[in-house]
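A.B. asks: Pasting in a structure now, in structure tokens, and then I'll have a few things to ask.
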Protein chains: 2
Amino acid sequence: MTAADRLTALRRLMARHGVQAYVVPGSDPHQSEYVPEFWQRRKALSGFSGSAGDVVVTRTRAGLWTDSRYWLRAEREIDGRAFTLFRAGQPGVLSWPEWAAREMRPGQALGIDPRLITHRDYASLKTRFEDKGLKVKAVSPNLVDAVWADRPAPPLGPAEPHPVRCAGESVASKLKRVRGAMAEAGAEAHVLSQLDAIAWLFNIRGSDVAYNPVVIAYAVILGKEALLFADKRKITPALRRALPKDIKVLAYQAFGAVLNWLAERKMRVWLDEASASRWMVGALRGAGRLMFQPSPVALFKAIKNSVEVRGAHEAHVRDGLAMVQFLRWLEGAVPRGGVTELSAAAKCAEFRSRQKLFKGLSFETISSYGPHGPIIHYAPTPETDIPLKPQGLYLIDSGSQYLDATTDVTRTVCLGRPTDKQKEYFTRVLQGLIALSTTSFPRGTAGKQLDTIARLPLWDKGLNFIHGTGHGLGTFLNVHEGPQAISYYRCVGVPFEPGMLTTIEPGQYPEKEFGLRTENVAVVVRDARRSTAGTEFYALETLTLCPIDLGLVKKSLLGPKDIAWIDDYHRRVRRTLTPMLGREDAAWLARATRPL
Amino acid sequence: MTAADRLTALRRLMARHGVQAYVVPGSDPHQSEYVPEFWQRRKALSGFSGSAGDVVVTRTRAGLWTDSRYWLRAEREIDGRAFTLFRAGQPGVLSWPEWAAREMRPGQALGIDPRLITHRDYASLKTRFEDKGLKVKAVSPNLVDAVWADRPAPPLGPAEPHPVRCAGESVASKLKRVRGAMAEAGAEAHVLSQLDAIAWLFNIRGSDVAYNPVVIAYAVILGKEALLFADKRKITPALRRALPKDIKVLAYQAFGAVLNWLAERKMRVWLDEASASRWMVGALRGAGRLMFQPSPVALFKAIKNSVEVRGAHEAHVRDGLAMVQFLRWLEGAVPRGGVTELSAAAKCAEFRSRQKLFKGLSFETISSYGPHGPIIHYAPTPETDIPLKPQGLYLIDSGSQYLDATTDVTRTVCLGRPTDKQKEYFTRVLQGLIALSTTSFPRGTAGKQLDTIARLPLWDKGLNFIHGTGHGLGTFLNVHEGPQAISYYRCVGVPFEPGMLTTIEPGQYPEKEFGLRTENVAVVVRDARRSTAGTEFYALETLTLCPIDLGLVKKSLLGPKDIAWIDDYHRRVRRTLTPMLGREDAAWLARATRPL
């Protein structure tokens, strides 16, 4: 089936359902950042594979909306005769609701799968459309499924128990805390749909989403029992034994009926505001009260306990070993020739896989050389892969899932002689990382306030970077985790607290020239020296152990504190990793971490 | 009438209106920050005079809620037998809605004057109360008025035209811009209730609120005409001539009927979300559509045109002259004795009043010596006034209304020999001010991102201050103006743009020790040097011209850039002001601005 065929078939279904426009969002029913293949309807329909993008189909037109990360990829992947690319974020470009409303006539209806849109967004869309005399209609089942000839089957990998010796807290204890929050809020039931939240709460790990060890599931927490809705074929005996007795495992398909049941009993139901779907809220019609607030699980999960923090420390040692081995290999292999972006990424994955407790990568490795550097989310494919030459910059952003932690690190190396501009930009980026890594801040400080600190050395030069400065990470869970974020656009005011993990990843991507980024992971700790009876102060303790390319450092730009930080950091990397490295790796490391 | 008497009378009225609890907010119908006397019902009932605080009266109890700025004052002013003080913000202290709900029984009603609560807050209150089986009832007229024996008359000062040579833009042009925004939003009518917004739009200045040269009014902007609702006795012939012909002046009391009329015609009405009262929305019942969005006037008003910016520059020269004269007088007078907080504030006001185009103070002068320093919003009264001795720190935060600008400046002076701690804290505060004053930032940056910059030298020492870093100012209007703010709690994400004014005012207030703050006003300008084709960069240009007490500067703490900034700043102050100062003032200034 071609793109045009699929659209024709879809339009027939649309007519049958009485809608003149139909939305195919990039989301899944759980608002996951990465979507399992069998739910990738937007990609199935349009060909576009990026992690963010929505499609709208009318009777005569079809559009794809995606942001600047993906314009180049979208142009490559979609059939331009069937789909129009709308560059979301460019001045003057309509959002898809605006565009759809203009394509429609009063009385017409826009259809959308109610599982794929949050209640909040659906309500807002409905209001806007009704203002214009248009209708919004929840359409089930999903229309794309019917025109998806070669739709893959849902994933069936086993759901395993995550050991308490890694989680640091039992399911019973976690449920008790959640129930405490429910009691405070006056909620009788709490409904969860986010996969990583459910995985954390029930100490479960699976393989239903690439790179994210989660299980497709829903959950309902009540006062005396907890219901987990998942494909029972995935529940291993080990998992069933590990789950407390008061947890009932029900079929994934039974979730809707149970929501109906909560409503019939007029229960006061707490839904996570950001992720609860329209369908879920519809199934709860008639409930005693629906409370839309952030789930308490989000914050519980973000604040790592001492076992998780220790796991993160230990995992980062292993991660450092893998990175050192890779960087030394890279240094030797590139001049010999035959290294490409893809082969380097594969080699990095190979070194990672040899580390203890390795469970897989945490995301698709970003391996970008030279002209691919400025494409911030570039990940090489066979079509785009290029060889690495002994000149210019190479950027590698990679991470692992270990049983005890999730990692994410970026290093930029110069494969030849760096230009002065590359050194200037690299060094200012590094100064931003150092500034943020060494800032102590008072309790109550949120990410938006911290984000600026990493930018000041760049702003001073009229430079900036258009991504956030850092994100949280799960414990053998999603590499991107909230609710906190060091960002100027994503921050929702959640204060940073001890136990939270964050990346620190400033960068520079001058168009068509080069790309560079340096990224570490840090954990928030209490700053005993600065804390007083009046105010608690917190600091960021760097966990990542990986040398920074001294060849890119412009020493004349650095102040004494910067130099001290780099030397101290490198000394720590050297001392920690050397005992576990082979002779050649150790010798390479000694050189790479020489004092400035 | 005693407090108890008033409460008894109020409770009789409450019973008559069928409410078992009654709210007396500190607000006025226009959500003004400072409330005209005749609308100060909360003060009339409870005695508490602070700028923020709400009272709730039940059949047997009465409470006052106010924040930490005012706890000391509230304790002093209220009758503790009649009113309970609730320290809002302290852990465990209920908000007034929570408290009221607990005092009431299902079926009972909470009454509130619908003019004094925003639509948004009323809707949220109603939802919360109905959840608990309680009612919320709009009660008109205000019940306190009936028990307010000596209620003052409404202000009757004249409303004058604000000359275009100061405003920089005609009313016709402003209306055109507002109508453009209305057309874009699809609104047929825009309703304004905020007094400074109305004053700005119609180029009117009055004297209805202490320190804020506004006129009590409402306004409705339509496509072809504009309606201004104000006490016609205030409209001078000069103002009537100055107002364009398409502006009709109607009685203030006619506003409600006109809202009814907009509703009857099913108009699409744009209300300012943050300030539209419940009463206004009720009067619009049946309207075609109510759009709750920030009024376009807020941003238009915040971005000063070149005439206003020039006026701000010129006014700050006059302001600097007044401050220099005052500081020189202070230096001589304190050792002679007889100077108190109040007398110093009065002397400062006297110097200010002698400047050209002076129209009054812009706020009640904060004049705090020694132990009063840590009380952030302290303003001396006859009861609290203390003499200034030739030791310790004195803080003066004052400002003027000039015909061409509004000013606000804080200086801290040491009247004797400073302690090392005072110098350390003063210098770090100054470093924070310098850091922010010299930061260039990319277009799109909002205040919350800038706030941190002024704190970093303090955070480094485990210090912080619990107020925002800066606020906007009007042009001969309110000294506190939004929508932008340099704040960690108040910022709503409005980007800083050229033409916006902001204060920069970090401080330190160690409990029971001393208080110090240094405050300048700056205007956002384009940074031509850092701006590129890709990204516009902006900088802050300091307008305030007033020496900083070098006796409090700990030079060993300063870096070369800090020292250069201070010397450059002082040189500019000296060169600009000296030609206009008398001989002794000029000599004093030369010493006060000597190079570090």
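Ordered as shown in the structure tokens, chains take letters A, B, and onward, while each chain numbers its residues from 1 and ligands are numbered from 1 in the order shown.
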Write down, as a VMD selection string, each residue of chain B that has any atom within 7 Å of an atom of chain A, counting only C-alpha atoms.
C.D. replies: chain B and resid 440 to 441 448 to 449 452 459 to 462 530 to 531 537
A.B. asks: What lies within 7 Å of A:Gly286 using only C-alpha atoms, ignoring chain neighbours under 5 positions off, as a list in words?
C.D. replies: Ala263, Glu264 and Lys266 of chain A
A.B. asks: Store the residues of this selection in a file with N, CA, C and O atoms, as a short mmCIF file (atom, residue, chain, number, x, y, z; two decimals), in the first residue's frame.
C.D. replies:
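Full text of again-v5.cif as output:
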```cif
data_model
loop_
_atom_site.label_atom_id
_atom_site.label_comp_id
_atom_site.auth_asym_id
_atom_site.auth_seq_id
_atom_site.Cartn_x
_atom_site.Cartn_y
_atom_site.Cartn_z
N ALA A 263 -16.70 4.49 38.67
CA ALA A 263 -17.68 5.56 38.49
C ALA A 263 -19.02 5.17 39.11
O ALA A 263 -19.66 5.99 39.77
N GLU A 264 -19.40 3.91 38.90
CA GLU A 264 -20.69 3.46 39.45
C GLU A 264 -20.69 3.60 40.97
O GLU A 264 -21.73 3.89 41.56
N LYS A 266 -19.33 5.84 42.52
CA LYS A 266 -19.19 7.27 42.83
C LYS A 266 -17.89 7.57 43.59
O LYS A 266 -17.88 8.40 44.50
#
```
A.B. asks: Pull the strand (DSSP E or B) assignments for stretch 33-149 of chain B out of DSSP run on the backbone, and list those residues as a VMD selection string.
C.D. replies: chain B and resid 54 to 58 62 to 66 84 to 87 109 to 112 118 135 to 138
A.B. asks: Residues within 7 Å of stretch 147-159 of chain B, please, as a CSV table (one decimal) with N, CA and C atoms, in the first residue's frame. Count only C-alpha atoms; anything in the same chain fewer than 2 positions from it doesn't count.
C.D. replies:
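The file below, out-v6.csv, is the result:
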```csv
chain,number,residue,atom,x,y,z
B,6,ARG,N,-18.5,46.3,65.5
B,6,ARG,CA,-18.6,46.2,64.1
B,6,ARG,C,-18.9,44.8,63.7
B,9,ALA,N,-22.6,43.9,64.4
B,9,ALA,CA,-23.4,44.5,63.4
B,9,ALA,C,-23.3,43.7,62.1
B,10,LEU,N,-22.1,43.4,61.7
B,10,LEU,CA,-21.8,42.6,60.5
B,10,LEU,C,-22.5,41.3,60.5
B,37,GLU,N,-8.7,54.8,50.1
B,37,GLU,CA,-9.3,54.8,51.5
B,37,GLU,C,-10.7,54.3,51.7
B,38,PHE,N,-11.6,54.9,50.8
B,38,PHE,CA,-13.0,54.5,51.0
B,38,PHE,C,-13.3,53.1,50.7
B,44,ALA,N,-11.0,48.8,57.8
B,44,ALA,CA,-12.1,49.4,58.6
B,44,ALA,C,-12.6,48.4,59.6
B,144,VAL,N,-19.7,45.5,54.8
B,144,VAL,CA,-18.9,46.3,55.7
B,144,VAL,C,-19.3,47.8,55.6
B,145,ASP,N,-19.7,48.2,54.4
B,145,ASP,CA,-20.0,49.6,54.2
B,145,ASP,C,-21.1,50.0,55.2
B,161,PRO,N,-5.3,65.4,31.6
B,161,PRO,CA,-4.7,64.7,30.4
B,161,PRO,C,-3.2,64.6,30.6
B,204,ILE,N,-4.5,59.6,30.8
B,204,ILE,CA,-5.1,60.3,31.9
B,204,ILE,C,-4.3,60.1,33.2
B,205,ARG,N,-4.2,61.1,34.0
B,205,ARG,CA,-3.6,61.0,35.3
B,205,ARG,C,-4.5,61.6,36.3
B,206,GLY,N,-4.6,61.0,37.5
B,206,GLY,CA,-5.5,61.5,38.6
B,206,GLY,C,-4.8,61.4,39.9
B,207,SER,N,-5.6,61.4,41.0
B,207,SER,CA,-5.0,61.3,42.3
B,207,SER,C,-5.9,60.4,43.2
B,208,ASP,N,-6.5,59.4,42.6
B,208,ASP,CA,-7.5,58.7,43.4
B,208,ASP,C,-6.9,57.6,44.3
B,215,VAL,N,-7.0,57.2,38.0
B,215,VAL,CA,-8.4,57.6,38.2
B,215,VAL,C,-9.3,56.4,38.4
B,234,LYS,N,-14.9,64.6,37.9
B,234,LYS,CA,-13.4,64.6,37.9
B,234,LYS,C,-12.9,65.0,36.5
B,235,ILE,N,-13.8,64.9,35.5
B,235,ILE,CA,-13.3,65.1,34.1
B,235,ILE,C,-13.2,66.6,33.8
B,236,THR,N,-11.9,67.1,33.8
B,236,THR,CA,-11.7,68.5,33.6
B,236,THR,C,-12.0,68.9,32.1
```
A.B. asks: Env of B:Ala219: 6 Å cut, atoms = only C-alpha atoms, seq-sep filter 3 positions within chain, self excluded. Answer as a compact mmCIF listing (two decimals) with all heavy atoms, in the first residue's frame.
C.D. replies:
```txt
# COMPACT_ATOMS: atom_id res chain seq x y z
N VAL B 191 -12.94 44.73 27.74
CA VAL B 191 -13.31 45.41 28.97
C VAL B 191 -12.09 45.55 29.87
O VAL B 191 -11.38 44.57 30.12
CB VAL B 191 -14.40 44.60 29.72
CG1 VAL B 191 -14.71 45.26 31.05
CG2 VAL B 191 -15.65 44.51 28.86
N LEU B 192 -11.83 46.77 30.32
CA LEU B 192 -10.69 47.03 31.20
C LEU B 192 -11.17 47.48 32.57
O LEU B 192 -12.07 48.32 32.67
CB LEU B 192 -9.81 48.15 30.62
CG LEU B 192 -8.92 47.77 29.46
CD1 LEU B 192 -8.32 49.03 28.85
CD2 LEU B 192 -7.80 46.84 29.93
N LEU B 227 -15.60 53.58 25.57
CA LEU B 227 -16.38 54.12 26.67
C LEU B 227 -15.53 54.18 27.92
O LEU B 227 -14.89 53.19 28.29
CB LEU B 227 -17.61 53.22 26.93
CG LEU B 227 -18.40 52.82 25.69
CD1 LEU B 227 -19.52 51.84 26.05
CD2 LEU B 227 -19.00 54.06 25.02
N LEU B 228 -15.53 55.33 28.55
CA LEU B 228 -14.77 55.52 29.78
C LEU B 228 -15.77 55.83 30.88
O LEU B 228 -16.56 56.78 30.77
CB LEU B 228 -13.79 56.68 29.63
CG LEU B 228 -12.98 57.08 30.86
CD1 LEU B 228 -12.03 55.96 31.26
CD2 LEU B 228 -12.19 58.37 30.57
N PHE B 229 -15.78 54.98 31.94
CA PHE B 229 -16.75 55.13 33.02
C PHE B 229 -16.03 55.72 34.22
O PHE B 229 -15.19 55.07 34.84
CB PHE B 229 -17.34 53.77 33.39
CG PHE B 229 -18.02 53.09 32.24
CD1 PHE B 229 -17.29 52.35 31.32
CD2 PHE B 229 -19.40 53.21 32.06
CE1 PHE B 229 -17.90 51.74 30.25
CE2 PHE B 229 -20.03 52.58 31.00
CZ PHE B 229 -19.28 51.85 30.08
```
A.B. asks: Could you list, as a PDB file with N, CA and C atoms, in the first residue's frame, every residue within 10 Å of stretch 167-171 of chain B, counting only C-alpha atoms and ignoring same-chain residues fewer than 4 positions away?
C.D. replies:
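Listed below is the output, around.pdb:
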```
ATOM      1  N   HIS B 162      -2.645  63.440  30.290  1.00  0.00           N
ATOM      2  CA  HIS B 162      -1.210  63.215  30.337  1.00  0.00           C
ATOM      3  C   HIS B 162      -0.674  63.634  28.973  1.00  0.00           C
ATOM      4  N   PRO B 163       0.189  64.647  28.933  1.00  0.00           N
ATOM      5  CA  PRO B 163       0.571  65.213  27.630  1.00  0.00           C
ATOM      6  C   PRO B 163       1.271  64.190  26.731  1.00  0.00           C
ATOM      7  N   LEU B 175      -5.428  53.232  20.932  1.00  0.00           N
ATOM      8  CA  LEU B 175      -6.695  52.538  20.669  1.00  0.00           C
ATOM      9  C   LEU B 175      -6.586  51.704  19.399  1.00  0.00           C
ATOM     10  N   LYS B 176      -5.892  52.260  18.425  1.00  0.00           N
ATOM     11  CA  LYS B 176      -5.730  51.518  17.171  1.00  0.00           C
ATOM     12  C   LYS B 176      -4.997  50.194  17.419  1.00  0.00           C
ATOM     13  N   ARG B 177      -3.957  50.260  18.234  1.00  0.00           N
ATOM     14  CA  ARG B 177      -3.208  49.043  18.526  1.00  0.00           C
ATOM     15  C   ARG B 177      -4.074  48.047  19.289  1.00  0.00           C
ATOM     16  N   TRP B 200      -3.159  54.586  31.289  1.00  0.00           N
ATOM     17  CA  TRP B 200      -2.197  54.559  30.180  1.00  0.00           C
ATOM     18  C   TRP B 200      -2.907  54.697  28.844  1.00  0.00           C
ATOM     19  N   LEU B 201      -3.985  53.939  28.685  1.00  0.00           N
ATOM     20  CA  LEU B 201      -4.664  53.895  27.388  1.00  0.00           C
ATOM     21  C   LEU B 201      -5.263  55.247  27.015  1.00  0.00           C
ATOM     22  N   PHE B 202      -5.853  55.924  27.990  1.00  0.00           N
ATOM     23  CA  PHE B 202      -6.531  57.190  27.688  1.00  0.00           C
ATOM     24  C   PHE B 202      -5.658  58.407  27.988  1.00  0.00           C
ATOM     25  N   ASN B 203      -4.390  58.169  28.308  1.00  0.00           N
ATOM     26  CA  ASN B 203      -3.479  59.283  28.655  1.00  0.00           C
ATOM     27  C   ASN B 203      -4.125  60.199  29.689  1.00  0.00           C
ATOM     28  N   ILE B 204      -4.497  59.576  30.812  1.00  0.00           N
ATOM     29  CA  ILE B 204      -5.140  60.303  31.912  1.00  0.00           C
ATOM     30  C   ILE B 204      -4.307  60.110  33.171  1.00  0.00           C
ATOM     31  N   ALA B 242      -8.830  66.912  25.351  1.00  0.00           N
ATOM     32  CA  ALA B 242      -7.709  66.079  24.933  1.00  0.00           C
ATOM     33  C   ALA B 242      -8.156  64.708  24.432  1.00  0.00           C
ATOM     34  N   LEU B 243      -9.274  64.214  24.968  1.00  0.00           N
ATOM     35  CA  LEU B 243      -9.730  62.889  24.554  1.00  0.00           C
ATOM     36  C   LEU B 243     -10.317  62.918  23.148  1.00  0.00           C
ATOM     37  N   PRO B 244      -9.977  61.941  22.328  1.00  0.00           N
ATOM     38  CA  PRO B 244     -10.538  61.875  20.974  1.00  0.00           C
ATOM     39  C   PRO B 244     -12.068  61.856  21.018  1.00  0.00           C
ATOM     40  N   ILE B 247     -14.399  58.837  22.030  1.00  0.00           N
ATOM     41  CA  ILE B 247     -14.434  58.360  23.413  1.00  0.00           C
ATOM     42  C   ILE B 247     -15.587  59.025  24.140  1.00  0.00           C
ATOM     43  N   LYS B 304       8.168  50.665  26.885  1.00  0.00           N
ATOM     44  CA  LYS B 304       8.180  52.128  26.785  1.00  0.00           C
ATOM     45  C   LYS B 304       8.693  52.554  25.406  1.00  0.00           C
ATOM     46  N   ASN B 305       8.037  53.580  24.849  1.00  0.00           N
ATOM     47  CA  ASN B 305       8.509  54.098  23.556  1.00  0.00           C
ATOM     48  C   ASN B 305       9.700  55.040  23.794  1.00  0.00           C
ATOM     49  N   SER B 306      10.282  55.530  22.713  1.00  0.00           N
ATOM     50  CA  SER B 306      11.526  56.296  22.855  1.00  0.00           C
ATOM     51  C   SER B 306      11.321  57.583  23.648  1.00  0.00           C
ATOM     52  N   VAL B 307      10.134  58.158  23.561  1.00  0.00           N
ATOM     53  CA  VAL B 307       9.854  59.365  24.340  1.00  0.00           C
ATOM     54  C   VAL B 307       9.851  59.027  25.832  1.00  0.00           C
ATOM     55  N   GLU B 308       9.208  57.942  26.170  1.00  0.00           N
ATOM     56  CA  GLU B 308       9.152  57.534  27.579  1.00  0.00           C
ATOM     57  C   GLU B 308      10.543  57.172  28.083  1.00  0.00           C
ATOM     58  N   VAL B 309      11.331  56.501  27.248  1.00  0.00           N
ATOM     59  CA  VAL B 309      12.682  56.131  27.678  1.00  0.00           C
ATOM     60  C   VAL B 309      13.524  57.387  27.902  1.00  0.00           C
ATOM     61  N   ARG B 310      13.373  58.342  27.014  1.00  0.00           N
ATOM     62  CA  ARG B 310      14.115  59.587  27.195  1.00  0.00           C
ATOM     63  C   ARG B 310      13.650  60.280  28.471  1.00  0.00           C
ATOM     64  N   GLY B 311      12.350  60.257  28.696  1.00  0.00           N
ATOM     65  CA  GLY B 311      11.817  60.841  29.931  1.00  0.00           C
ATOM     66  C   GLY B 311      12.385  60.149  31.165  1.00  0.00           C
ATOM     67  N   LEU B 403       6.474  64.068  35.994  1.00  0.00           N
ATOM     68  CA  LEU B 403       5.556  64.086  34.861  1.00  0.00           C
ATOM     69  C   LEU B 403       6.052  63.150  33.757  1.00  0.00           C
ATOM     70  N   ASP B 404       7.363  62.954  33.693  1.00  0.00           N
ATOM     71  CA  ASP B 404       7.899  62.161  32.586  1.00  0.00           C
ATOM     72  C   ASP B 404       8.349  60.751  32.976  1.00  0.00           C
ATOM     73  N   ALA B 405       8.267  60.396  34.269  1.00  0.00           N
ATOM     74  CA  ALA B 405       8.686  59.044  34.666  1.00  0.00           C
ATOM     75  C   ALA B 405       8.387  58.792  36.133  1.00  0.00           C
ATOM     76  N   THR B 475       5.117  54.840  33.503  1.00  0.00           N
ATOM     77  CA  THR B 475       5.567  56.195  33.179  1.00  0.00           C
ATOM     78  C   THR B 475       4.621  57.162  33.867  1.00  0.00           C
ATOM     79  N   PHE B 476       5.068  57.731  34.989  1.00  0.00           N
ATOM     80  CA  PHE B 476       4.181  58.544  35.823  1.00  0.00           C
ATOM     81  C   PHE B 476       2.907  57.725  36.064  1.00  0.00           C
TER      82      PHE B 476
END
```
A.B. asks: For B:Arg490, find every residue with an atom within 10 Å (counting only C-alpha atoms), except residues of its own chain fewer than 6 positions away, and show them as a PyMOL selection string.
C.D. replies: chain B and resi 447-448+467-468+471+482-484
A.B. asks: What is the atom CA of A:Glu505-atom CA of A:Tyr425 distance in Å, reported with one decimal?
C.D. replies: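 Straight-line distance from atom CA of A:Glu505 to atom CA of A:Tyr425 works out to 13.8 Å.
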A.B. asks: Extract the full set of alpha helix (DSSP H) residues from stretch 268-480 of chain A according to DSSP on the backbone, and format it as JSON, numbers by chain.
C.D. replies: {"A": [278, 279, 280, 281, 282, 283, 296, 297, 298, 299, 300, 301, 302, 306, 307, 308, 309, 310, 311, 312, 313, 314, 315, 316, 317, 318, 319, 320, 321, 322, 323, 324, 325, 326, 327, 328, 329, 330, 331, 332, 333, 334, 335, 336, 341, 342, 343, 344, 345, 346, 347, 348, 349, 350, 351, 352, 353, 420, 421, 422, 423, 424, 425, 426, 427, 428, 429, 430, 431, 432, 433, 434, 435, 436, 437, 447, 448, 449, 450, 451, 456, 457, 458, 459]}
A.B. asks: Would you kindly return, as JSON, numbers by chain, each protein, DNA or RNA residue with an atom no farther than 6 Å from any atom of stretch 313-323 of chain B, considering only C-alpha atoms and excluding same-chain residues fewer than 5 positions away?
C.D. replies: {"B": [351, 352, 543, 544, 545, 546]}
A.B. asks: What is the distance between atom CA of B:Arg115 and atom CA of B:Val24, in Å to one decimal?
C.D. replies: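 Straight-line distance from atom CA of B:Arg115 to atom CA of B:Val24 works out to 11.3 Å.
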A.B. asks: Which one of B:Thr118, B:Gln20, B:Ser275, B:Ser367 sits closest to B:Pro387 if you count only C-alpha atoms?
C.D. replies: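 Selected residue with least distance to B:Pro387: B:Ser367.
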